[in-house]
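*Asks:* Sharing protein.cif below, mmCIF, C-alpha atoms:
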data_query
loop_
_atom_site.label_atom_id
_atom_site.label_comp_id
_atom_site.auth_asym_id
_atom_site.auth_seq_id
_atom_site.Cartn_x
_atom_site.Cartn_y
_atom_site.Cartn_z
CA MET A 1 0.00 0.00 0.00
CA LYS A 2 1.29 3.45 -0.91
CA GLU A 3 0.22 6.62 0.87
CA TYR A 4 0.39 10.24 -0.15
CA THR A 5 -0.38 12.83 2.52
CA PHE A 6 -1.35 16.31 1.43
CA GLU A 7 -1.83 18.29 4.65
CA GLU A 8 -5.03 16.84 6.17
CA ILE A 9 -5.90 14.56 3.26
CA ILE A 10 -4.53 11.06 2.69
CA PHE A 11 -4.53 9.26 -0.66
CA ARG A 12 -4.11 5.52 -0.08
CA GLU A 13 -3.30 3.41 -3.13
CA THR A 14 -4.32 -0.10 -2.12
CA LYS A 15 -3.10 -1.41 -5.48
CA PRO A 16 -0.17 0.02 -7.46
CA ILE A 17 -1.15 2.76 -9.91
CA THR A 18 1.75 2.81 -12.33
CA VAL A 19 0.06 4.00 -15.51
CA GLU A 20 1.72 6.88 -17.34
CA LYS A 21 -0.16 10.04 -18.31
CA PRO A 22 -3.53 8.91 -16.95
CA LEU A 23 -6.85 10.54 -17.72
CA ILE A 24 -8.36 11.28 -14.32
CA PHE A 25 -12.13 11.75 -14.12
CA CYS A 26 -13.51 13.33 -11.00
CA GLY A 27 -17.08 12.71 -9.81
CA LEU A 28 -17.87 14.75 -6.71
CA PRO A 29 -21.40 15.61 -5.52
CA ASP A 30 -22.58 18.79 -7.19
CA ILE A 31 -25.58 20.14 -9.14
CA GLY A 32 -27.85 17.23 -10.14
CA LEU A 33 -25.19 14.78 -8.90
CA VAL A 34 -24.10 14.69 -12.53
CA GLY A 35 -20.47 13.80 -11.78
CA VAL A 36 -21.27 11.12 -9.24
CA ILE A 37 -23.84 9.43 -11.49
CA ALA A 38 -21.62 9.64 -14.60
CA VAL A 39 -18.45 8.38 -12.91
CA SER A 40 -20.30 5.65 -11.03
CA HIS A 41 -21.75 4.42 -14.34
CA MET A 42 -18.34 4.65 -16.01
CA VAL A 43 -16.81 2.52 -13.23
CA GLU A 44 -19.52 -0.10 -13.67
CA GLN A 45 -19.53 -0.17 -17.46
CA LEU A 46 -15.75 -0.21 -17.91
CA GLN A 47 -15.44 -2.71 -15.04
CA MET A 48 -12.86 -0.51 -13.40
CA GLU A 49 -10.95 -1.88 -10.43
CA GLU A 50 -10.91 -0.20 -7.02
CA VAL A 51 -7.28 0.82 -6.44
CA GLY A 52 -7.46 3.21 -3.52
CA HIS A 53 -9.35 5.74 -1.48
CA ILE A 54 -9.14 9.23 -0.01
CA ASP A 55 -9.41 9.71 3.73
CA SER A 56 -9.35 12.58 6.19
CA GLU A 57 -10.42 13.52 9.70
CA LEU A 58 -12.32 16.35 8.04
CA PHE A 59 -14.79 13.85 6.56
CA PRO A 60 -17.92 12.73 8.40
CA PRO A 61 -17.35 9.55 10.45
CA ILE A 62 -18.74 7.20 7.82
CA VAL A 63 -17.94 3.88 6.18
CA ILE A 64 -20.12 2.21 3.56
CA PHE A 65 -20.86 -1.47 3.03
CA HIS A 66 -21.36 -2.65 -0.54
CA ARG A 67 -22.18 -6.35 -0.97
CA GLY A 68 -20.77 -6.91 2.50
CA ASP A 69 -17.42 -5.23 1.78
CA LEU A 70 -16.33 -2.20 3.77
CA LYS A 71 -15.74 0.80 1.52
CA TYR A 72 -14.36 4.27 2.07
CA PRO A 73 -16.82 6.92 0.91
CA ILE A 74 -14.35 8.50 -1.56
CA ARG A 75 -12.69 5.90 -3.74
CA ILE A 76 -10.25 5.66 -6.62
CA TYR A 77 -10.79 3.29 -9.56
CA GLN A 78 -8.62 2.40 -12.53
CA LYS A 79 -8.78 0.62 -15.87
CA ASN A 80 -5.77 0.97 -18.16
CA ARG A 81 -5.03 4.70 -18.37
CA VAL A 82 -8.41 5.79 -17.08
CA ILE A 83 -8.61 6.71 -13.40
CA ALA A 84 -11.82 7.72 -11.66
CA ILE A 85 -12.36 9.48 -8.34
CA LEU A 86 -15.85 8.92 -6.95
CA SER A 87 -17.43 10.32 -3.80
CA GLU A 88 -20.55 8.89 -2.19
CA ILE A 89 -20.69 11.66 0.41
CA ALA A 90 -21.20 15.39 0.10
CA ILE A 91 -17.83 17.04 0.79
CA PRO A 92 -18.25 19.08 3.99
CA VAL A 93 -17.36 22.74 3.52
CA PRO A 94 -14.27 22.71 5.78
CA ALA A 95 -12.88 19.85 3.67
CA VAL A 96 -13.53 21.45 0.28
CA TYR A 97 -10.26 23.41 0.10
CA PRO A 98 -7.98 20.63 1.36
CA VAL A 99 -9.65 17.94 -0.80
CA SER A 100 -9.53 20.02 -3.97
CA LYS A 101 -5.90 20.86 -3.37
CA ALA A 102 -5.02 17.24 -2.60
CA ILE A 103 -6.77 15.90 -5.72
CA THR A 104 -4.79 18.33 -7.86
CA MET A 105 -1.48 17.55 -6.16
CA TRP A 106 -2.10 13.83 -6.49
CA ALA A 107 -2.95 14.27 -10.19
CA LYS A 108 0.38 16.08 -10.60
CA GLU A 109 2.16 13.28 -8.74
CA LYS A 110 0.61 10.79 -11.19
CA GLY A 111 1.63 12.89 -14.20
CA ALA A 112 -1.97 13.23 -15.39
CA GLU A 113 -2.50 14.04 -19.04
CA LEU A 114 -5.81 15.54 -17.98
CA LEU A 115 -7.79 15.99 -14.77
CA LEU A 116 -11.41 16.27 -15.87
CA SER A 117 -14.09 17.29 -13.39
CA ILE A 118 -17.66 16.31 -14.23
CA GLY A 119 -20.48 18.47 -12.94
CA GLY A 120 -23.77 20.13 -13.66
CA VAL A 121 -24.99 23.62 -14.28
CA GLY A 122 -28.46 24.28 -12.93
CA VAL A 123 -31.13 25.37 -15.40
CA PRO A 124 -34.64 26.30 -14.25
CA ASN A 125 -36.30 25.00 -17.45
CA ARG A 126 -34.63 21.57 -17.35
CA LEU A 127 -38.04 19.87 -17.71
CA GLU A 128 -38.43 21.37 -21.17
CA ILE A 129 -34.95 20.31 -22.31
CA GLU A 130 -34.84 16.91 -24.03
CA THR A 131 -31.07 16.80 -24.62
CA PRO A 132 -29.06 18.77 -22.09
CA GLU A 133 -26.15 20.74 -23.49
CA VAL A 134 -22.68 19.99 -22.14
CA TYR A 135 -20.34 22.95 -21.65
CA GLY A 136 -16.60 22.91 -21.12
CA ALA A 137 -14.25 25.20 -19.22
CA SER A 138 -10.52 25.21 -18.68
CA ALA A 139 -7.72 27.55 -17.70
CA PHE A 140 -5.59 26.09 -20.49
CA PRO A 141 -6.13 27.68 -23.95
CA TYR A 142 -4.98 24.56 -25.83
CA LEU A 143 -7.65 22.47 -24.08
CA ARG A 144 -10.32 25.06 -24.86
CA GLU A 145 -9.29 24.99 -28.53
CA GLN A 146 -9.30 21.20 -28.56
CA PHE A 147 -12.80 21.04 -27.06
CA LYS A 148 -14.12 23.75 -29.39
CA ARG A 149 -12.88 21.77 -32.38
CA LEU A 150 -14.90 18.83 -31.08
CA GLY A 151 -18.03 20.99 -31.00
CA ILE A 152 -18.17 21.46 -27.23
CA HIS A 153 -19.51 24.87 -26.21
CA MET A 154 -17.18 26.65 -23.83
CA LEU A 155 -18.24 28.61 -20.77
CA GLU A 156 -17.48 32.23 -21.63
CA GLU A 157 -18.70 34.24 -18.63
CA GLY A 158 -19.89 33.21 -15.21
CA PHE A 159 -19.02 32.03 -11.75
CA LEU A 160 -18.19 28.49 -10.75
CA VAL A 161 -18.53 27.65 -7.06
CA GLY A 162 -17.36 24.63 -5.07
CA PRO A 163 -14.66 21.97 -5.15
CA TYR A 164 -14.45 21.96 -8.96
CA ALA A 165 -13.73 25.70 -8.95
CA LEU A 166 -10.84 25.08 -6.57
CA ILE A 167 -9.54 22.15 -8.59
CA LEU A 168 -9.42 24.36 -11.69
CA LYS A 169 -7.69 27.11 -9.74
CA GLN A 170 -5.13 24.79 -8.14
CA SER A 171 -4.48 23.02 -11.44
CA TYR A 172 -3.69 26.32 -13.08
CA LEU A 173 -1.30 27.15 -10.27
CA LEU A 174 0.42 23.75 -10.35
CA ASN A 175 0.31 23.46 -14.15
CA VAL A 176 -1.80 20.29 -14.11
CA PRO A 177 -3.83 20.08 -17.35
CA SER A 178 -7.38 20.35 -16.11
CA ALA A 179 -10.87 21.03 -17.40
CA ILE A 180 -14.49 20.67 -16.44
CA PHE A 181 -17.55 19.41 -18.31
CA LEU A 182 -20.83 20.86 -17.08
CA ALA A 183 -24.16 19.49 -18.24
CA GLN A 184 -27.42 21.41 -17.98
CA ALA A 185 -29.18 19.77 -15.07
CA PHE A 186 -31.90 19.94 -12.43
CA PRO A 187 -30.35 22.08 -9.68
CA GLN A 188 -31.58 19.97 -6.79
CA TYR A 189 -32.67 16.63 -8.24
CA PRO A 190 -30.40 13.79 -9.32
CA ASP A 191 -30.17 14.02 -13.11
CA PRO A 192 -29.18 10.76 -14.86
CA GLY A 193 -30.15 12.28 -18.23
CA ALA A 194 -27.55 15.02 -17.81
CA ALA A 195 -24.98 12.42 -16.71
CA ALA A 196 -25.72 10.35 -19.84
CA GLU A 197 -25.18 13.34 -22.13
CA THR A 198 -21.88 14.11 -20.40
CA LEU A 199 -20.73 10.53 -20.88
CA LYS A 200 -21.57 10.75 -24.58
CA VAL A 201 -19.36 13.83 -24.88
CA ILE A 202 -16.60 12.07 -22.91
CA ASN A 203 -16.83 9.04 -25.22
CA ARG A 204 -16.49 11.30 -28.25
CA THR A 205 -13.67 13.38 -26.80
CA PHE A 206 -11.50 10.68 -25.31
CA GLY A 207 -12.38 7.67 -27.47
CA LEU A 208 -14.00 5.75 -24.62
CA ASP A 209 -16.90 3.39 -25.03
CA VAL A 210 -19.15 3.82 -22.02
CA ASP A 211 -22.58 2.44 -22.95
CA VAL A 212 -25.18 4.91 -21.62
CA SER A 213 -28.28 2.92 -22.56
CA LYS A 214 -28.37 1.18 -19.15
CA LEU A 215 -28.01 4.53 -17.40
CA ILE A 216 -31.07 5.82 -19.22
CA GLU A 217 -32.94 2.58 -18.51
CA LYS A 218 -32.14 2.78 -14.80
CA SER A 219 -32.82 6.49 -14.64
CA GLU A 220 -35.80 6.29 -12.26
CA GLU A 221 -34.06 3.88 -9.91
CA ILE A 222 -31.02 6.19 -9.76
CA ARG A 223 -33.21 9.21 -9.02
CA LEU A 224 -34.80 7.28 -6.19
CA ARG A 225 -31.57 5.93 -4.71
CA ALA A 226 -29.74 9.25 -4.91
CA ARG A 227 -32.34 11.31 -3.01
CA GLU A 228 -30.51 11.35 0.31
CA LEU A 229 -27.12 12.22 -1.20
CA MET A 230 -28.82 14.98 -3.20
CA LYS A 231 -30.46 16.37 -0.05
CA ARG A 232 -27.12 16.53 1.79
CA THR A 233 -25.35 17.92 -1.28
CA ALA A 234 -27.99 20.64 -1.62
CA ALA A 235 -27.37 21.65 1.99
CA VAL A 236 -23.60 21.86 1.43
CA MET A 237 -24.09 23.79 -1.83
CA LYS A 238 -26.21 26.30 0.08
CA GLN A 239 -23.34 26.84 2.55
CA MET A 240 -20.89 27.41 -0.29
CA GLY A 241 -23.02 30.09 -1.93
CA LYS A 242 -23.66 27.95 -5.01
CA THR A 243 -26.43 30.30 -6.17
CA GLN A 244 -23.70 32.76 -7.13
CA GLU A 245 -23.36 30.65 -10.28
CA TYR A 246 -26.55 32.35 -11.49
CA GLU A 247 -25.01 35.80 -11.14
CA LEU A 248 -23.33 37.94 -13.76
CA PRO A 249 -19.69 38.84 -13.18
CA LEU A 250 -19.01 42.58 -13.03
CA MET A 251 -16.00 42.89 -15.31
CA TYR A 252 -16.63 43.34 -19.00
CA GLY A 253 -14.73 43.97 -22.20
CA MET B 1 -6.20 26.58 16.92
CA GLU B 2 -6.94 22.88 16.62
CA GLU B 3 -9.92 23.30 18.93
CA ARG B 4 -11.21 26.21 16.87
CA ARG B 5 -10.83 24.21 13.66
CA ARG B 6 -12.84 21.38 15.16
CA TYR B 7 -15.48 23.78 16.44
CA LEU B 8 -15.82 25.31 12.98
CA TYR B 9 -16.02 21.86 11.45
CA TYR B 10 -18.85 20.74 13.71
CA TYR B 11 -20.60 24.08 13.30
CA TYR B 12 -20.55 23.72 9.52
CA MET B 13 -21.43 20.04 9.59
CA HIS B 14 -24.40 20.37 11.87
CA TYR B 15 -25.81 23.86 11.74
CA ALA B 16 -24.59 26.12 8.96
CA ALA B 17 -26.21 23.97 6.27
CA LEU B 18 -29.62 24.37 7.81
CA THR B 19 -32.25 26.94 6.94
CA PRO B 20 -33.82 28.94 9.82
CA GLU B 21 -36.77 26.49 9.85
CA GLU B 22 -34.41 23.54 9.98
CA LEU B 23 -32.49 25.21 12.81
CA VAL B 24 -35.69 25.40 14.82
CA HIS B 25 -36.40 21.74 14.09
CA PRO B 26 -33.03 20.15 13.26
CA GLU B 27 -34.55 16.71 13.87
CA GLU B 28 -36.65 17.34 10.75
CA TYR B 29 -33.47 17.72 8.69
CA GLU B 30 -31.90 14.55 10.05
CA ARG B 31 -35.11 12.55 9.76
CA PRO B 32 -34.84 9.65 7.27
CA MET B 33 -36.50 10.18 3.89
CA TRP B 34 -38.71 7.14 4.35
CA ASN B 35 -41.34 5.82 6.74
CA HIS B 36 -41.62 2.05 7.09
CA LEU B 37 -44.97 2.23 8.88
CA LYS B 38 -46.61 4.18 6.08
CA LYS B 39 -44.47 2.32 3.49
CA CYS B 40 -43.72 5.65 1.92
CA LEU B 41 -40.71 7.57 0.66
CA GLU B 42 -40.21 11.29 0.92
CA PRO B 43 -39.70 13.04 -2.43
CA LEU B 44 -37.05 15.70 -2.96
CA VAL B 45 -38.66 19.11 -2.97
CA GLU B 46 -37.67 22.54 -4.26
CA ILE B 47 -39.48 25.70 -3.21
CA TYR B 48 -39.18 28.96 -5.12
CA GLU B 49 -40.82 32.29 -4.50
CA THR B 50 -41.64 34.88 -7.09
CA GLU B 51 -43.33 38.21 -6.46
CA ASP B 52 -46.78 36.67 -6.90
CA GLU B 53 -46.37 32.95 -6.48
CA VAL B 54 -44.93 30.16 -4.41
CA ILE B 55 -43.72 27.38 -6.70
CA VAL B 56 -43.16 23.92 -5.25
CA ARG B 57 -41.63 21.07 -7.23
CA PHE B 58 -41.49 17.42 -6.18
CA ASP B 59 -39.29 14.79 -7.84
CA MET B 60 -41.23 11.52 -7.85
CA PRO B 61 -39.70 8.77 -9.98
CA TYR B 62 -41.94 5.73 -10.60
CA VAL B 63 -45.09 7.86 -10.45
CA LYS B 64 -46.61 7.57 -13.90
CA SER B 65 -49.87 9.43 -13.96
CA ARG B 66 -51.47 12.53 -12.46
CA GLU B 67 -54.37 10.29 -11.37
CA ASP B 68 -52.00 8.71 -8.86
CA ILE B 69 -51.33 12.03 -7.13
CA THR B 70 -53.37 13.67 -4.37
CA LEU B 71 -52.65 17.25 -3.35
CA HIS B 72 -54.02 19.14 -0.36
CA ALA B 73 -53.24 22.73 0.39
CA THR B 74 -54.10 25.33 2.99
CA GLU B 75 -52.90 28.91 3.19
CA ASP B 76 -49.61 27.86 4.69
CA TYR B 77 -48.85 24.29 3.82
CA LEU B 78 -48.99 21.80 0.98
CA ARG B 79 -49.28 18.05 1.24
CA VAL B 80 -48.62 15.54 -1.54
CA GLU B 81 -49.37 11.84 -1.63
CA ALA B 82 -48.59 9.78 -4.71
CA ARG B 83 -48.71 6.12 -5.64
CA MET B 84 -45.74 4.58 -7.41
CA GLU B 85 -46.29 2.47 -10.50
CA LYS B 86 -44.50 -0.42 -8.82
CA SER B 87 -43.48 -0.98 -5.25
CA VAL B 88 -39.80 -0.63 -4.48
CA GLN B 89 -37.77 -2.89 -2.22
CA PHE B 90 -34.01 -2.65 -1.68
CA SER B 91 -33.18 -6.26 -0.87
CA ARG B 92 -29.64 -5.64 0.43
CA TRP B 93 -30.26 -2.39 2.32
CA GLY B 94 -29.70 -2.15 6.07
CA THR B 95 -31.34 -4.64 8.41
CA PHE B 96 -35.12 -4.33 8.63
CA GLN B 97 -35.29 -1.87 5.70
CA ARG B 98 -34.65 -4.73 3.26
CA SER B 99 -38.07 -6.18 4.07
CA VAL B 100 -39.99 -2.95 3.51
CA CYS B 101 -41.87 -2.54 0.26
CA PHE B 102 -42.28 1.18 -0.48
CA GLN B 103 -45.41 2.00 -2.45
CA ASN B 104 -46.06 5.71 -2.04
CA TYR B 105 -44.60 9.16 -1.64
CA TYR B 106 -45.68 11.44 1.15
CA LYS B 107 -44.53 14.94 2.00
CA GLU B 108 -45.89 17.93 3.87
CA VAL B 109 -44.29 21.25 3.01
CA PRO B 110 -44.69 24.45 5.04
CA LEU B 111 -45.02 27.33 2.59
CA PRO B 112 -42.84 30.45 2.90
CA ALA B 113 -45.80 32.85 2.42
CA PRO B 114 -49.61 32.66 2.77
CA VAL B 115 -51.25 31.51 -0.48
CA ASP B 116 -54.70 31.23 -2.00
CA PRO B 117 -55.03 27.45 -2.43
CA SER B 118 -58.27 27.74 -4.41
CA GLN B 119 -56.30 29.36 -7.28
CA ALA B 120 -53.41 26.86 -7.25
CA LYS B 121 -52.43 25.01 -10.43
CA ALA B 122 -50.43 21.80 -10.78
CA THR B 123 -48.72 20.04 -13.67
CA PHE B 124 -46.96 16.68 -13.82
CA LYS B 125 -44.27 15.83 -16.35
CA LYS B 126 -41.49 13.23 -16.42
CA GLY B 127 -41.99 12.39 -12.77
CA VAL B 128 -41.77 16.01 -11.64
CA LEU B 129 -44.83 17.60 -10.06
CA GLU B 130 -44.97 21.39 -10.14
CA VAL B 131 -47.50 23.28 -8.02
CA ARG B 132 -47.94 27.02 -8.46
CA LEU B 133 -49.76 28.74 -5.62
CA PRO B 134 -50.64 32.44 -5.95
CA LYS B 135 -49.64 34.48 -2.93
CA LYS B 136 -52.40 35.92 -0.82
CA THR B 137 -51.40 39.55 -1.01
CA ARG B 138 -53.33 42.71 -1.70
CA ARG B 139 -51.54 44.93 -4.13
CA PHE B 140 -52.06 48.67 -4.67
CA THR B 141 -50.74 50.83 -7.46
CA ILE B 142 -49.07 54.00 -6.22
CA LYS B 143 -49.02 56.96 -8.51
CA VAL B 144 -45.60 58.56 -8.94
CA GLU B 145 -45.93 62.33 -8.81
#
Go ahead and render the structure in this file as structure tokens.
*Replies:*
Amino acid sequence: MKEYTFEEIIFRETKPITVEKPLIFCGLPDIGLVGVIAVSHMVEQLQMEEVGHIDSELFPPIVIFHRGDLKYPIRIYQKNRVIAILSEIAIPVPAVYPVSKAITMWAKEKGAELLLSIGGVGVPNRLEIETPEVYGASAFPYLREQFKRLGIHMLEEGFLVGPYALILKQSYLLNVPSAIFLAQAFPQYPDPGAAAETLKVINRTFGLDVDVSKLIEKSEEIRLRARELMKRTAAVMKQMGKTQEYELPLMYG
Amino acid sequence: MEERRRYLYYYYMHYAALTPEELVHPEEYERPMWNHLKKCLEPLVEIYETEDEVIVRFDMPYVKSREDITLHATEDYLRVEARMEKSVQFSRWGTFQRSVCFQNYYKEVPLPAPVDPSQAKATFKKGVLEVRLPKKTRRFTIKVE
């Protein structure tokens, strides 16, 4: 077992992660739980192996049992050069800074080709939208150009609040190639449809083959099972001032 | 410093996430989103306020038709009951929970402003129920001189 300690956060690799230039996908609870649902489905469909977890005294005192096995709430999975970070708990506000920083530093340690955060952007008319749009954002111009060429709309103006904002900021500082995909989503309901659209864009962009048909089939079950995580995530988002994402930044020109 | 950090942590974990109503009744916030006696689940709910309306939305997967939904409203609260198309049982969940077959949704929502329930309108689409309740306010036009 290998451990990396970044201030109050510990990354424990229970199996060796030796892949070069990995693509790291990050699914943390956020608007519509888009990242969590998408990454969880990716892990299942690609049959990724659990290779580690993230731990901290800043996290709630929780363990999870899945099929009788004890699991840490924030886990790391791998298949070939694809690595996924998946959280089954809302990240408490005091842990948001340290976790975001640690994820970025770990990605640098692993020599990531890209650290991609997956999230949602709340839209009030989501019920009327059949196919949610997926937007991209990055501090790195070459990534923005690359995504634009692939037909992904880029976020031009606006605020981003929460752990993903900090990951982007830290990545820029540490020169870790990083971006975010944001799907239009229900602000406070789990949104498997938005997660499916994001996975389609990920498939297209990175040449993966994550079948989303089962995600769409299981959509109602996911919405039902994710209610409690959504409720806790909504409470944390409120603390972080997530509604600022609906505001217009002052600077212009 | 360490003590202060821990204090802040517990403050944020337990109180800062709560609305004023939840602070008055924190047990409401920590209450499970299911009731095994009533065999019902609690839907997620969003409440918005506009100048004239209170808008309440419930997310209710597995509810297929508006005929399966019953709504009751007074001036200050709204209650929804809905039957799911099929009962839901999570066979590996917890201890006694695994034996419970959930068949309905049930939720009572206190409204943020007095409304006129007789003028309320509701729509149901893709498992999301939206109820629009006009606020009970008297409005006067003031002439600007």
*Asks:* Give one line per residue of range 99-156 of chain A that approaches range 12-34 of chain A to at most 8 Å, naming the two atoms of the closest pair and their distance in Å to one decimal, counting all atoms listed in the file; sort by chain then ascending residue number and deliver it as a tab-separated table.
*Replies:*
residue	atom	partner	partner_atom	distance
A:Ala107	CA	A:Ile24	CA	7.4
A:Lys110	CA	A:Lys21	CA	7.2
A:Gly111	CA	A:Lys21	CA	5.3
A:Ala112	CA	A:Lys21	CA	4.7
A:Glu113	CA	A:Lys21	CA	4.7
A:Leu114	CA	A:Leu23	CA	5.1
A:Leu115	CA	A:Ile24	CA	4.8
A:Leu116	CA	A:Phe25	CA	4.9
A:Ser117	CA	A:Cys26	CA	4.7
A:Ile118	CA	A:Gly27	CA	5.7
A:Gly119	CA	A:Val34	CA	5.2
A:Gly120	CA	A:Ile31	CA	4.9
A:Val121	CA	A:Ile31	CA	6.2
A:Gly122	CA	A:Ile31	CA	6.3
*Asks:* I would like the residues chosen by the PyMOL selection byres ((chain A) within 8 of (chain B)) on the shown file; could you give them as a list in words?
*Replies:*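 In the shown coordinates, the PyMOL selection byres ((chain A) within 8 of (chain B)) covers Leu58, Arg67, Pro92, Val93, Pro94, Leu127, Gln188, Tyr189, Glu220, Glu221, Arg223, Leu224, Arg227, Glu228, Lys231, Ala235, Val236, Lys238 and Gln239 of chain A.
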*Asks:* Go through B:Lys135, B:Arg79, B:Arg66, B:Lys86 and flag the residue nearest Ala120 in chain B, using only C-alpha atoms for the distances.
*Replies:*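 Going through B:Lys135, B:Arg79, B:Arg66, B:Lys86 one by one, the smallest distance to Ala120 in chain B is for B:Lys135.
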*Asks:* Apply the PyMOL selection byres ((chain A and resi 128) around 12) to the structure shown and report the selected residues as a PDB file with C-alpha atoms, in the frame of the given file.
*Replies:*
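The resulting part.pdb:
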ATOM      1  CA  VAL A 123     -31.130  25.370 -15.400  1.00  0.00           C
ATOM      2  CA  PRO A 124     -34.640  26.300 -14.250  1.00  0.00           C
ATOM      3  CA  ASN A 125     -36.300  25.000 -17.450  1.00  0.00           C
ATOM      4  CA  ARG A 126     -34.630  21.570 -17.350  1.00  0.00           C
ATOM      5  CA  LEU A 127     -38.040  19.870 -17.710  1.00  0.00           C
ATOM      6  CA  ILE A 129     -34.950  20.310 -22.310  1.00  0.00           C
ATOM      7  CA  GLU A 130     -34.840  16.910 -24.030  1.00  0.00           C
ATOM      8  CA  THR A 131     -31.070  16.800 -24.620  1.00  0.00           C
ATOM      9  CA  PRO A 132     -29.060  18.770 -22.090  1.00  0.00           C
ATOM     10  CA  GLN A 184     -27.420  21.410 -17.980  1.00  0.00           C
ATOM     11  CA  ALA A 185     -29.180  19.770 -15.070  1.00  0.00           C
ATOM     12  CA  PHE A 186     -31.900  19.940 -12.430  1.00  0.00           C
TER      13      PHE A 186
ATOM     14  CA  LYS B 125     -44.270  15.830 -16.350  1.00  0.00           C
ATOM     15  CA  LYS B 126     -41.490  13.230 -16.420  1.00  0.00           C
ATOM     16  CA  VAL B 128     -41.770  16.010 -11.640  1.00  0.00           C
TER      17      VAL B 128
END
*Asks:* Tell me which protein, DNA and RNA residues are within 12 Å of Leu173 in chain A, counting only C-alpha atoms, leaving out same-chain ones fewer than 2 positions away, and put them as JSON, numbers by chain.
*Replies:* {"A": [101, 104, 105, 108, 139, 140, 166, 167, 168, 169, 170, 171, 175, 176, 177, 178]}
*Asks:* Can you spell out as a PyMOL selection string the set of residues that the PyMOL selection byres ((chain A and resi 60) around 9) selects in the structure I just provided?
*Replies:* (chain A and resi 56-59+61-62+89+91-92) or (chain B and resi 13)
*Asks:* Ranking A:Gln78, A:Asp55, A:Ile103, A:Gly151 by minimum distance to Tyr164 in chain A and counting all atoms listed in the file, which one comes first?
*Replies:*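 Of all the options, A:Ile103 lies closest to Tyr164 in chain A.
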*Asks:* Between B:Ser65, B:Gln89, B:Gln97, B:Asn104, which one has atoms that come closest to Cys40 in chain B, using only C-alpha atoms?
*Replies:*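 Ranking B:Ser65, B:Gln89, B:Gln97, B:Asn104 by distance to Cys40 in chain B, first place goes to B:Asn104.
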*Asks:* I'd like the contact shell of Ile47 in chain B - 8 Å cut-off, all atoms listed in the file, skipping same-chain residues fewer than 4 positions apart - returned as JSON, numbers by chain.
*Replies:* {"B": [54, 55, 56, 57]}
*Asks:* First collect every listed atom of range 119-133 of chain B; then fit an axis-aligned box around them, widen it by 6 Å on each side, and give centre and edge lengths in Å to one decimal, as AutoDock Vina command-line options.
*Replies:*
--center_x -48.9 --center_y 20.9 --center_z -11.0 --size_x 26.8 --size_y 29.0 --size_z 22.8
*Asks:* Quote the spacing between CA of Val36 in chain A and CA of Phe102 in chain B in Å to one decimal place.
*Replies:*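 That distance, rounded to one decimal, is 24.8 Å.
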*Asks:* Between A:Leu155, A:Ala84, A:Ile180, A:Ile64, single out the one closest to Met42 in chain A, counting all atoms listed in the file.
*Replies:*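 Comparing A:Leu155, A:Ala84, A:Ile180, A:Ile64 against Met42 in chain A, the winner is A:Ala84.
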*Asks:* Could you tell me how far CA of His53 in chain A lies from CA of Ala179 in chain A, in Å and to one decimal?
*Replies:* 22.1 Å
*Asks:* Quick one: pull the distance between CA of Val115 in chain B and CA of Glu53 in chain B, Å, one decimal.
*Replies:* 7.9 Å
*Asks:* Quick one: residues within 6 Å of (-9.2, -1.8, -14.6) (file frame), counting all atoms listed in the file, please, as a PyMOL selection string.
*Replies:* chain A and resi 48-49+78-80
*Asks:* Just checking: using all atoms listed in the file, which residue out of B:Ala73, B:Glu130, B:Ser87, B:Trp34 ends up closest to Pro110 in chain B?
*Replies:*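 Ranking B:Ala73, B:Glu130, B:Ser87, B:Trp34 by distance to Pro110 in chain B, first place goes to B:Ala73.
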*Asks:* So which residues touch Leu78 in chain B within 10 Å, counting only C-alpha atoms, skipping near sequence neighbours fewer than 6 positions away, as a ChimeraX atom specification?
*Replies:* /B:56,71-72,107-111,117,131,133
*Asks:* May I ask which of the residues A:Leu70, A:Leu46, A:Ala90, A:Leu250 is the closest one to Met237 in chain A, counting only C-alpha atoms?
*Replies:*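 Closest to Met237 in chain A of all the choices is A:Ala90.
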*Asks:* Quick one: residues within 9 Å of Ala102 in chain A, only C-alpha atoms, excluding same-chain residues fewer than 4 positions away - as a ChimeraX atom specification?
*Replies:* /A:5-11,97-98,106-107,167
